[in-house]
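Structure below is coords32.csv: CSV, C-alpha atoms.
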chain,number,residue,atom,x,y,z
T,1462,MET,CA,-23.1,-8.0,-22.4
T,1463,PRO,CA,-22.2,-6.2,-19.2
T,1464,GLU,CA,-20.6,-2.7,-19.3
T,1465,SER,CA,-18.4,-0.8,-16.9
T,1466,ILE,CA,-19.9,2.1,-15.1
T,1467,PRO,CA,-18.2,5.5,-14.9
T,1468,ALA,CA,-17.2,6.6,-11.4
T,1469,PRO,CA,-19.0,10.0,-11.6
T,1470,LEU,CA,-22.3,8.3,-12.2
T,1471,ILE,CA,-21.9,6.1,-9.1
T,1472,ILE,CA,-20.8,9.1,-7.0
T,1473,ASP,CA,-23.8,11.3,-8.2
T,1474,THR,CA,-26.1,8.4,-7.5
T,1475,LEU,CA,-24.7,8.0,-4.0
T,1476,LYS,CA,-25.1,11.7,-3.4
T,1477,ASP,CA,-28.8,11.5,-4.5
T,1478,THR,CA,-29.3,8.4,-2.3
T,1479,PHE,CA,-27.9,10.3,0.7
T,1480,ARG,CA,-30.0,13.4,0.0
T,1481,GLU,CA,-33.1,11.3,-0.1
T,1482,ALA,CA,-32.0,9.5,3.1
T,1483,ARG,CA,-31.7,12.9,4.8
T,1484,GLY,CA,-35.1,14.0,3.6
T,1485,GLY,CA,-33.7,16.6,1.2
T,1486,ASN,CA,-31.4,18.1,3.8
T,1487,THR,CA,-28.2,19.1,2.1
T,1488,ARG,CA,-25.9,19.4,5.1
T,1489,GLU,CA,-22.4,18.1,4.6
T,1490,PRO,CA,-21.2,15.5,4.7
T,1491,LEU,CA,-24.2,14.2,2.8
T,1492,GLY,CA,-23.2,10.8,3.9
T,1493,TRP,CA,-20.3,8.5,4.8
T,1494,ILE,CA,-18.5,6.0,2.7
T,1495,LEU,CA,-16.9,3.2,4.8
T,1496,SER,CA,-14.3,1.7,2.5
T,1497,VAL,CA,-11.9,-1.2,2.6
T,1498,PRO,CA,-10.3,-0.2,-0.7
T,1499,ASP,CA,-11.5,-2.4,-3.5
T,1500,THR,CA,-9.4,-2.5,-6.7
T,1501,HIS,CA,-12.6,-3.2,-8.7
T,1502,GLN,CA,-14.0,0.2,-7.7
T,1503,LYS,CA,-10.7,2.1,-7.7
T,1504,THR,CA,-11.9,4.8,-10.1
T,1505,VAL,CA,-14.7,5.6,-7.7
T,1506,LEU,CA,-12.3,5.7,-4.8
T,1507,ALA,CA,-10.0,8.0,-6.7
T,1508,ALA,CA,-12.9,10.3,-7.5
T,1509,LEU,CA,-14.0,10.3,-3.9
T,1510,ASP,CA,-10.6,11.7,-2.9
T,1511,LYS,CA,-11.6,14.9,-4.5
T,1512,GLU,CA,-15.2,14.8,-3.3
T,1513,ARG,CA,-16.1,17.2,-0.4
T,1514,ALA,CA,-19.7,16.3,0.0
T,1515,LEU,CA,-19.1,12.7,1.0
T,1516,ARG,CA,-16.7,11.7,3.8
T,1517,VAL,CA,-14.7,8.6,3.4
T,1518,VAL,CA,-13.5,6.5,6.3
T,1519,THR,CA,-11.0,4.0,5.3
T,1520,CYS,CA,-11.2,0.9,7.5
T,1521,ALA,CA,-8.6,-1.7,8.0
T,1522,THR,CA,-11.1,-4.6,7.8
T,1523,GLU,CA,-14.7,-5.1,6.7
T,1524,ASP,CA,-15.5,-6.2,10.3
T,1525,GLU,CA,-14.6,-2.7,11.4
T,1526,ALA,CA,-16.6,-1.1,8.6
T,1527,ASN,CA,-19.8,-2.9,9.7
T,1528,ALA,CA,-19.3,-1.8,13.3
T,1529,VAL,CA,-18.6,1.8,12.3
T,1530,GLY,CA,-21.7,1.7,10.2
T,1531,ALA,CA,-23.7,0.6,13.1
T,1532,GLY,CA,-22.5,3.5,15.2
T,1533,LEU,CA,-23.3,6.0,12.4
T,1534,TRP,CA,-26.8,4.5,12.1
T,1535,ILE,CA,-27.5,4.8,15.8
T,1536,GLY,CA,-26.3,8.4,15.6
T,1537,GLY,CA,-28.6,9.1,12.6
T,1538,GLU,CA,-26.0,9.3,9.9
T,1539,PRO,CA,-26.4,7.6,6.5
T,1540,CYS,CA,-23.5,5.4,5.1
T,1541,VAL,CA,-22.6,2.9,2.4
T,1542,LEU,CA,-20.0,0.2,2.8
T,1543,MET,CA,-17.7,-0.2,-0.2
T,1544,ILE,CA,-16.0,-3.5,-0.1
T,1545,GLN,CA,-14.9,-6.4,-2.3
T,1546,HIS,CA,-16.2,-9.9,-2.5
T,1547,ALA,CA,-13.2,-11.2,-0.5
T,1548,GLY,CA,-14.1,-8.7,2.2
T,1549,LEU,CA,-17.7,-10.1,2.3
T,1550,PHE,CA,-16.3,-13.6,2.8
T,1551,ALA,CA,-14.0,-12.2,5.6
T,1552,SER,CA,-16.7,-10.4,7.5
T,1553,VAL,CA,-19.8,-12.6,7.5
T,1554,ASN,CA,-19.9,-13.0,11.3
T,1555,THR,CA,-20.1,-9.3,11.7
T,1556,LEU,CA,-22.7,-8.9,9.0
T,1557,ARG,CA,-24.7,-11.6,10.8
T,1558,GLY,CA,-24.2,-10.0,14.3
T,1559,ILE,CA,-24.8,-6.4,13.3
T,1560,ALA,CA,-26.9,-6.2,10.2
T,1561,MET,CA,-29.0,-9.4,10.7
T,1562,ASP,CA,-29.3,-10.1,14.4
T,1563,GLY,CA,-28.8,-6.5,15.3
T,1564,ARG,CA,-31.3,-5.3,12.7
T,1565,VAL,CA,-29.1,-2.5,11.6
T,1566,PRO,CA,-29.8,-1.3,8.1
T,1567,MET,CA,-26.6,-1.8,6.2
T,1568,PHE,CA,-26.1,-1.2,2.5
T,1569,TYR,CA,-23.1,-2.8,0.7
T,1570,LEU,CA,-21.5,-2.0,-2.7
T,1571,ILE,CA,-19.5,-5.1,-3.4
T,1572,GLY,CA,-16.9,-5.3,-6.2
T,1573,LEU,CA,-16.8,-8.6,-8.1
T,1574,LEU,CA,-13.1,-8.4,-8.8
T,1575,SER,CA,-12.0,-10.7,-11.7
T,1576,ARG,CA,-15.5,-11.3,-12.9
T,1577,GLU,CA,-15.2,-12.2,-16.6
T,1578,LYS,CA,-17.1,-10.0,-19.0
T,1579,ASP,CA,-18.4,-12.9,-21.0
T,1580,ARG,CA,-19.7,-15.1,-18.2
T,1581,ASP,CA,-22.4,-15.1,-15.6
T,1582,PRO,CA,-20.7,-14.9,-12.1
T,1583,LYS,CA,-22.0,-18.4,-11.3
T,1584,ASP,CA,-19.9,-19.8,-14.2
T,1585,SER,CA,-16.8,-17.8,-13.3
T,1586,ARG,CA,-13.4,-19.5,-13.1
T,1587,HIS,CA,-12.8,-17.7,-9.8
T,1588,SER,CA,-14.3,-19.0,-6.6
T,1589,MET,CA,-14.5,-15.6,-5.1
T,1590,VAL,CA,-16.8,-14.4,-8.0
T,1591,ARG,CA,-18.7,-17.7,-8.1
T,1592,PHE,CA,-19.6,-17.9,-4.4
T,1593,ALA,CA,-20.4,-14.2,-3.6
T,1594,GLU,CA,-24.1,-14.2,-4.7
T,1595,PRO,CA,-24.8,-17.8,-3.3
T,1596,LEU,CA,-23.3,-16.6,0.0
T,1597,LEU,CA,-25.7,-13.6,0.1
T,1598,ASP,CA,-28.5,-16.0,-0.7
T,1599,THR,CA,-27.5,-18.3,2.1
T,1600,PHE,CA,-27.7,-15.5,4.6
T,1601,GLY,CA,-30.9,-14.2,3.1
T,1602,VAL,CA,-29.4,-10.9,2.0
T,1603,PRO,CA,-31.3,-9.3,-0.9
T,1604,HIS,CA,-29.0,-8.4,-3.7
T,1605,ALA,CA,-28.8,-7.1,-7.2
T,1606,ARG,CA,-26.0,-6.7,-9.8
T,1607,LEU,CA,-25.0,-3.6,-11.6
T,1608,GLU,CA,-24.4,-4.7,-15.2
T,1609,GLY,CA,-24.1,-1.3,-16.7
T,1610,PRO,CA,-24.9,2.4,-16.4
T,1611,ASP,CA,-28.6,1.8,-16.8
T,1612,ASP,CA,-28.6,-0.2,-13.5
T,1613,VAL,CA,-27.5,2.5,-11.1
T,1614,HIS,CA,-31.1,3.0,-10.0
T,1615,LEU,CA,-30.5,-0.2,-8.0
T,1616,ILE,CA,-28.3,1.7,-5.6
T,1617,PRO,CA,-31.0,3.9,-4.1
T,1618,GLU,CA,-33.5,1.0,-4.4
T,1619,TYR,CA,-31.4,-1.4,-2.3
T,1620,TYR,CA,-30.3,1.3,0.1
T,1621,ARG,CA,-34.0,2.0,0.7
T,1622,LEU,CA,-34.7,-1.7,1.0
T,1623,SER,CA,-32.0,-2.0,3.8
T,1624,ARG,CA,-33.9,0.7,5.7
T,1625,GLU,CA,-37.3,-0.8,5.1
T,1626,ARG,CA,-36.3,-4.3,6.2
T,1627,ARG,CA,-33.9,-3.1,8.9
T,1628,GLY,CA,-31.1,-5.4,7.8
T,1629,PRO,CA,-28.5,-5.9,5.1
T,1630,ALA,CA,-28.9,-5.3,1.4
T,1631,ALA,CA,-26.3,-5.4,-1.3
T,1632,VAL,CA,-25.5,-4.3,-4.8
T,1633,LEU,CA,-22.7,-6.0,-6.6
T,1634,VAL,CA,-20.6,-4.2,-9.1
T,1635,GLY,CA,-20.4,-6.5,-12.1
T,1636,LEU,CA,-17.4,-5.0,-14.0
T,1637,GLU,CA,-14.6,-2.8,-12.9
T,1638,THR,CA,-15.6,0.8,-12.8
T,1639,ILE,CA,-14.1,3.3,-15.2
P,173,MET,CA,-2.9,-4.4,43.6
P,174,ALA,CA,-4.8,-4.6,40.3
P,175,ILE,CA,-7.6,-2.1,39.9
P,176,LYS,CA,-11.1,-3.6,40.4
P,177,PRO,CA,-13.1,-3.1,37.1
P,178,GLU,CA,-16.3,-2.4,39.1
P,179,ASP,CA,-14.6,0.5,40.9
P,180,VAL,CA,-13.6,2.0,37.5
P,181,LEU,CA,-17.1,1.7,36.2
P,182,ARG,CA,-18.7,3.3,39.3
P,183,ALA,CA,-16.3,6.2,39.0
P,184,ILE,CA,-17.1,6.7,35.3
P,185,ALA,CA,-20.8,6.4,35.9
P,186,SER,CA,-20.5,9.3,38.4
P,187,ALA,CA,-18.4,11.5,36.1
P,188,ARG,CA,-19.5,10.8,32.5
P,189,GLY,CA,-22.2,13.5,32.1
P,190,ASN,CA,-24.0,12.8,28.8
P,191,ALA,CA,-21.3,10.6,27.4
P,192,ILE,CA,-22.3,7.5,25.4
P,193,CYS,CA,-20.6,4.3,26.8
P,194,VAL,CA,-19.8,1.2,24.9
P,195,PRO,CA,-19.1,-1.8,27.2
P,196,THR,CA,-18.2,-5.2,26.0
P,197,MET,CA,-17.6,-8.7,27.5
P,198,THR,CA,-16.8,-8.6,31.2
P,199,THR,CA,-17.7,-5.0,31.8
P,200,SER,CA,-21.2,-5.6,30.5
P,201,PRO,CA,-22.8,-7.2,33.5
P,202,ALA,CA,-21.5,-4.7,36.0
P,203,TRP,CA,-22.3,-1.8,33.8
P,204,ARG,CA,-25.9,-3.0,33.5
P,205,THR,CA,-26.2,-2.8,37.3
P,206,ILE,CA,-24.2,0.4,37.8
P,207,ALA,CA,-25.8,2.4,34.9
P,208,PRO,CA,-29.0,0.5,34.0
P,209,ASP,CA,-30.9,3.1,32.1
P,210,ASP,CA,-28.6,5.4,30.2
P,211,LEU,CA,-26.9,6.2,26.9
P,212,SER,CA,-25.0,2.9,26.5
P,213,ILE,CA,-24.8,0.2,24.0
P,214,GLY,CA,-23.1,-3.1,24.6
P,215,CYS,CA,-21.0,-4.8,21.9
P,216,VAL,CA,-22.8,-8.2,21.9
P,217,GLY,CA,-22.6,-10.8,19.2
P,218,PHE,CA,-19.5,-9.5,17.3
P,219,MET,CA,-16.6,-9.7,19.7
P,220,GLY,CA,-13.9,-7.2,18.9
P,221,GLY,CA,-16.2,-4.6,17.5
P,222,ALA,CA,-16.6,-2.2,20.5
P,223,SER,CA,-13.9,0.2,19.3
P,224,SER,CA,-15.3,0.5,15.8
P,225,LEU,CA,-18.8,0.8,17.1
P,226,GLY,CA,-17.6,3.6,19.3
P,227,LEU,CA,-15.8,5.2,16.4
P,228,GLY,CA,-19.1,5.3,14.4
P,229,LEU,CA,-20.9,6.9,17.3
P,230,ALA,CA,-18.2,9.4,17.8
P,231,LEU,CA,-18.3,10.5,14.2
P,232,ALA,CA,-22.0,10.7,14.2
P,233,MET,CA,-22.2,12.7,17.4
P,234,PRO,CA,-19.1,14.9,17.4
P,235,LYS,CA,-20.4,17.1,20.3
P,236,ARG,CA,-20.8,14.2,22.6
P,237,ARG,CA,-18.1,12.1,24.3
P,238,VAL,CA,-18.0,8.4,23.5
P,239,VAL,CA,-16.2,6.1,25.9
P,240,VAL,CA,-15.4,2.5,24.9
P,241,PHE,CA,-14.8,-0.1,27.6
P,242,ASP,CA,-12.7,-2.5,25.6
P,243,GLY,CA,-11.0,-5.7,26.6
P,244,ASP,CA,-7.5,-6.7,25.8
P,245,GLY,CA,-8.6,-10.0,24.2
P,246,SER,CA,-11.4,-8.2,22.4
P,247,LEU,CA,-9.2,-5.5,21.0
P,248,LEU,CA,-6.7,-8.1,19.7
P,249,MET,CA,-9.5,-9.5,17.5
P,250,GLN,CA,-9.7,-6.2,15.6
P,251,LEU,CA,-6.4,-4.6,16.3
P,252,GLY,CA,-6.5,-2.8,13.0
P,253,SER,CA,-9.2,-0.6,14.5
P,254,LEU,CA,-6.4,1.3,16.3
P,255,ALA,CA,-5.2,2.6,12.9
P,256,THR,CA,-8.7,3.1,11.6
P,257,ILE,CA,-9.6,5.2,14.7
P,258,ALA,CA,-6.3,7.2,14.5
P,259,GLY,CA,-7.0,7.8,10.8
P,260,ALA,CA,-10.5,9.1,11.4
P,261,ALA,CA,-9.2,11.1,14.4
P,262,PRO,CA,-12.4,11.6,16.4
P,263,ARG,CA,-11.7,14.3,19.0
P,264,ASN,CA,-14.5,13.0,21.3
P,265,LEU,CA,-13.4,9.3,21.6
P,266,THR,CA,-12.0,7.8,24.8
P,267,HIS,CA,-10.8,4.2,24.4
P,268,LEU,CA,-10.3,2.4,27.7
P,269,ILE,CA,-8.7,-1.0,27.7
P,270,PHE,CA,-9.5,-3.2,30.7
P,271,LYS,CA,-6.3,-5.2,30.6
P,272,ASN,CA,-6.4,-8.4,32.6
P,273,GLY,CA,-4.3,-10.6,30.3
P,274,VAL,CA,-6.8,-13.3,29.9
P,275,TYR,CA,-10.0,-14.4,28.1
P,276,HIS,CA,-12.1,-14.3,31.2
P,277,THR,CA,-15.4,-15.6,29.9
P,278,SER,CA,-13.9,-18.8,28.4
P,279,GLY,CA,-12.0,-19.8,31.6
P,280,ALA,CA,-9.2,-17.2,31.9
P,281,GLN,CA,-6.9,-18.6,29.2
P,282,GLU,CA,-4.0,-16.2,28.6
P,283,ILE,CA,-4.4,-13.9,25.6
P,284,PRO,CA,-1.6,-14.1,23.0
P,285,GLY,CA,1.4,-12.4,24.6
P,286,GLY,CA,-0.4,-12.2,28.0
P,287,LEU,CA,0.3,-9.1,30.1
P,288,THR,CA,3.4,-8.2,28.1
P,289,VAL,CA,1.2,-6.8,25.2
P,290,ASP,CA,1.6,-3.1,25.3
P,291,PHE,CA,-1.5,-1.3,23.9
P,292,VAL,CA,-0.1,2.1,24.8
P,293,GLN,CA,2.8,1.7,22.4
P,294,MET,CA,0.4,0.3,19.8
P,295,ALA,CA,-2.0,3.2,20.1
P,296,LYS,CA,0.9,5.7,20.0
P,297,GLY,CA,2.3,4.0,16.9
P,298,ALA,CA,-1.1,4.0,15.2
P,299,GLY,CA,-1.4,7.7,15.8
P,300,TYR,CA,-3.7,8.3,18.8
P,301,ARG,CA,-3.4,11.8,20.1
P,302,LYS,CA,-2.6,10.5,23.6
P,303,ALA,CA,-2.1,7.0,25.2
P,304,TYR,CA,-1.0,6.0,28.7
P,305,ALA,CA,-1.3,3.3,31.3
P,306,VAL,CA,-2.9,3.5,34.7
P,307,THR,CA,-2.0,0.9,37.3
P,308,ASP,CA,-3.8,2.0,40.5
P,309,PHE,CA,-7.2,3.3,41.3
P,310,ASP,CA,-6.1,6.6,43.0
P,311,ASP,CA,-4.2,7.5,39.8
P,312,PHE,CA,-7.3,6.6,37.8
P,313,LYS,CA,-9.6,8.9,39.9
P,314,GLN,CA,-7.1,11.8,39.6
P,315,ARG,CA,-7.0,11.4,35.8
P,316,LEU,CA,-10.6,10.6,35.1
P,317,SER,CA,-11.7,14.1,34.4
P,318,SER,CA,-9.0,14.6,31.7
P,319,MET,CA,-9.8,11.1,30.3
P,320,LEU,CA,-13.4,12.3,29.7
P,321,GLY,CA,-12.4,15.8,28.5
P,322,ASP,CA,-9.1,15.7,26.7
P,323,GLU,CA,-9.0,15.8,22.9
P,324,GLY,CA,-9.1,12.3,21.4
P,325,PRO,CA,-8.6,9.8,20.2
P,326,LEU,CA,-7.3,8.9,23.6
P,327,LEU,CA,-6.4,5.4,24.8
P,328,VAL,CA,-5.9,4.4,28.5
P,329,GLU,CA,-4.7,1.0,29.4
P,330,LEU,CA,-6.1,0.1,32.8
P,331,HIS,CA,-4.4,-2.7,34.6
P,332,THR,CA,-7.3,-4.5,36.2
P,333,GLY,CA,-8.1,-7.7,37.9
P,334,LEU,CA,-11.0,-9.9,36.9
P,335,ALA,CA,-14.5,-8.7,37.0
P,336,ASP,CA,-16.8,-10.3,39.6
P,337,LYS,CA,-19.2,-11.4,36.8
P,338,THR,CA,-18.9,-12.3,33.1
P,339,PRO,CA,-21.6,-12.5,30.4
P,340,MET,CA,-21.5,-16.2,30.9
P,341,THR,CA,-22.1,-16.2,34.7
P,342,ASP,CA,-24.6,-13.3,34.6
P,343,ARG,CA,-26.6,-13.6,31.4
P,344,GLY,CA,-29.2,-11.0,30.7
P,345,GLY,CA,-29.5,-7.5,29.4
P,346,GLN,CA,-31.2,-6.5,26.2
P,347,PRO,CA,-30.3,-8.2,22.9
P,348,PHE,CA,-28.2,-6.0,20.7
P,349,HIS,CA,-31.1,-5.1,18.3
P,350,GLN,CA,-33.1,-3.7,21.2
P,351,GLN,CA,-30.2,-1.7,22.5
P,352,VAL,CA,-29.7,-0.3,19.0
P,353,GLU,CA,-33.3,0.9,18.9
P,354,THR,CA,-33.3,2.3,22.4
P,355,LEU,CA,-30.1,4.3,22.0
P,356,ARG,CA,-31.0,5.5,18.6
P,357,ASN,CA,-34.4,6.8,19.9
P,358,LYS,CA,-32.8,8.4,22.9
P,359,LEU,CA,-30.2,10.2,20.8
P,360,ASP,CA,-32.8,11.3,18.3
P,361,LYS,CA,-34.9,12.8,21.0
P,362,ALA,CA,-31.9,14.5,22.7
P,363,GLY,CA,-31.1,16.1,19.3

Represent the supplied structure as structure tokens.
Amino acid sequence: MPESIPAPLIIDTLKDTFREARGGNTREPLGWILSVPDTHQKTVLAALDKERALRVVTCATEDEANAVGAGLWIGGEPCVLMIQHAGLFASVNTLRGIAMDGRVPMFYLIGLLSREKDRDPKDSRHSMVRFAEPLLDTFGVPHARLEGPDDVHLIPEYYRLSRERRGPAAVLVGLETI
Amino acid sequence: MAIKPEDVLRAIASARGNAICVPTMTTSPAWRTIAPDDLSIGCVGFMGGASSLGLGLALAMPKRRVVVFDGDGSLLMQLGSLATIAGAAPRNLTHLIFKNGVYHTSGAQEIPGGLTVDFVQMAKGAGYRKAYAVTDFDDFKQRLSSMLGDEGPLLVELHTGLADKTPMTDRGGQPFHQQVETLRNKLDKAG
């Protein structure tokens, strides 16, 4: 059965991911969070408000977040996009244009809002939950799902993967964070 | 008489110093000729993204000026970026709108609202530090130094005519992924 992940664990993992991306350099901000606020990850967003080592840029749309991320990458700055499945659906052309055709490494944390605890997402009653992973498959975007605290190692793994393949990679947040 | 976009681009090329420039749509062909080997990246393949791409560059490189050559139709596609830019408040971002009132590349259909759309008021309302319109080239030349040096985010609505070329009549230039690599390497070397 999937479990919710505490926000501090995700934030500490993001910090470690950014430290590694900077080769151990601990300059601040360690990295950038490009957020289109996701209710599913609201405890993480609340904790980020108090976090000084990470800088959050709240974007009006996921299209913007992708383009801001491209500019940060060109300028040598690490970033993570925190969005919701609905935002993934809304921004696939930009994902294609920037992360795929533009070969810009882009790492996404995607909240599966309304995912039922007792069901695999492919069997969800909600189309937004059901279609998120198949959409990533259609675009050839490698992805994994966080199903509990033991899975947070997937965050640095898929972040690294986005850099290695020079393209998009995503980790989906299975249950609402706590 | 409306300002010629090519005159604006030539003046910027002479005055920009080490600024990064982000052309899009109808400024792209002319800029390739005017500034062929420099610190630029065209917004190609995701129309409307120039302002956000410029924001990311400005945040990553706070000691360097970033100048976005946006279009009115392009900006309308991601109008929320005005608020996103104002919220992030990059002091080094200059956002130029080449306002011609039409979608030039697809045959000059009028943009929603046409020339009555007021991007200056929108930018002020979003929270840009400064925003104003420029309607003739002499005024543009007089203000250019402050456009490239004043604290941003700064938006200037340039009332221009149509460019001589569009990305459809003058295809070419590097694909976006090559531009990404080229600019990233140049900035990395420049430190």

Residues of chain T that have any atom at most 6 Å from an atom of chain P: could you tabulate them with the shortest-distance atom pair and the distance in Å to one decimal, using all atoms listed in the file, ordered by chain and increasing number, as a tab-separated table?
residue	atom	partner	partner_atom	distance
T:Cys1520	CA	P:Thr256	CA	5.3
T:Ala1521	CA	P:Gly252	CA	5.5
T:Glu1525	CA	P:Ser224	CA	5.5
T:Ala1528	CA	P:Leu225	CA	4.6
T:Val1529	CA	P:Gly228	CA	4.1
T:Gly1532	CA	P:Gly228	CA	3.9
T:Leu1533	CA	P:Gly228	CA	4.7
T:Ile1535	CA	P:Arg356	CA	4.5
T:Gly1536	CA	P:Ala232	CA	5.1
T:Thr1555	CA	P:Phe218	CA	5.6
T:Gly1558	CA	P:Gly217	CA	5.2
T:Gly1563	CA	P:His349	CA	4.0
T:Arg1564	CA	P:His349	CA	5.6

- Who sits within 10 Å of Asp342 (chain P), all atoms listed in the file, same chain under 2 positions skipped, as number ranges by chain: P: 198, 200-202, 336-340, 344-345

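You will find CA of Val328 (chain P) at 9.3 Å from CA of Ala295 (chain P).
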
- Item | Pairwise distance for CA of Leu1470 (chain T) and CA of Val1613 (chain T), rounded to one decimal in Å |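 Value for the CA of Leu1470 (chain T)-CA of Val1613 (chain T) distance: 7.9 Å.
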
- Message: Report, in Å to a single decimal, how far apart CA of Ala258 (chain P) and CA of Pro1490 (chain T) are.
- Response: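 Separation of CA of Pro1490 (chain T) and CA of Ala258 (chain P): 19.7 Å.
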
- Message: Restricting the calculation to all atoms listed in the file: of T:Phe1600, T:Phe1568, T:Phe1592, T:Phe1550, which residue gets closest to Ala1631 (chain T)?
- Response: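 With all atoms listed in the file as the atom set, the closest residue is T:Phe1568.
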
- Message: My list of candidates is P:Gly299, P:Thr332, P:Val289, P:Gln346. Which is closest to Glu178 (chain P) when distances are computed with all atoms listed in the file?
- Response: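 For Glu178 (chain P), the nearest of the given residues is P:Thr332.
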
- So which one's closest to Pro262 (chain P), P:Ala187, P:Leu247, P:Ala280, P:Leu326? Using all atoms listed in the file, please. P:Leu326

Listing only residues of region 214-284 of chain P within 10 Å of region 314-320 of chain P, what is the closest atom pair and its distance in Å (to one decimal) for each, using all atoms listed in the file, sorted by chain and residue number ascending, as a tab-separated table?
residue	atom	partner	partner_atom	distance
P:Arg237	CA	P:Leu320	CA	7.2
P:Val238	CA	P:Leu320	CA	8.6
P:Val239	CA	P:Leu320	CA	7.8
P:Asn264	CA	P:Leu320	CA	8.5
P:Leu265	CA	P:Leu320	CA	8.6
P:Thr266	CA	P:Met319	CA	6.8
P:His267	CA	P:Met319	CA	9.1
P:Leu268	CA	P:Met319	CA	9.1
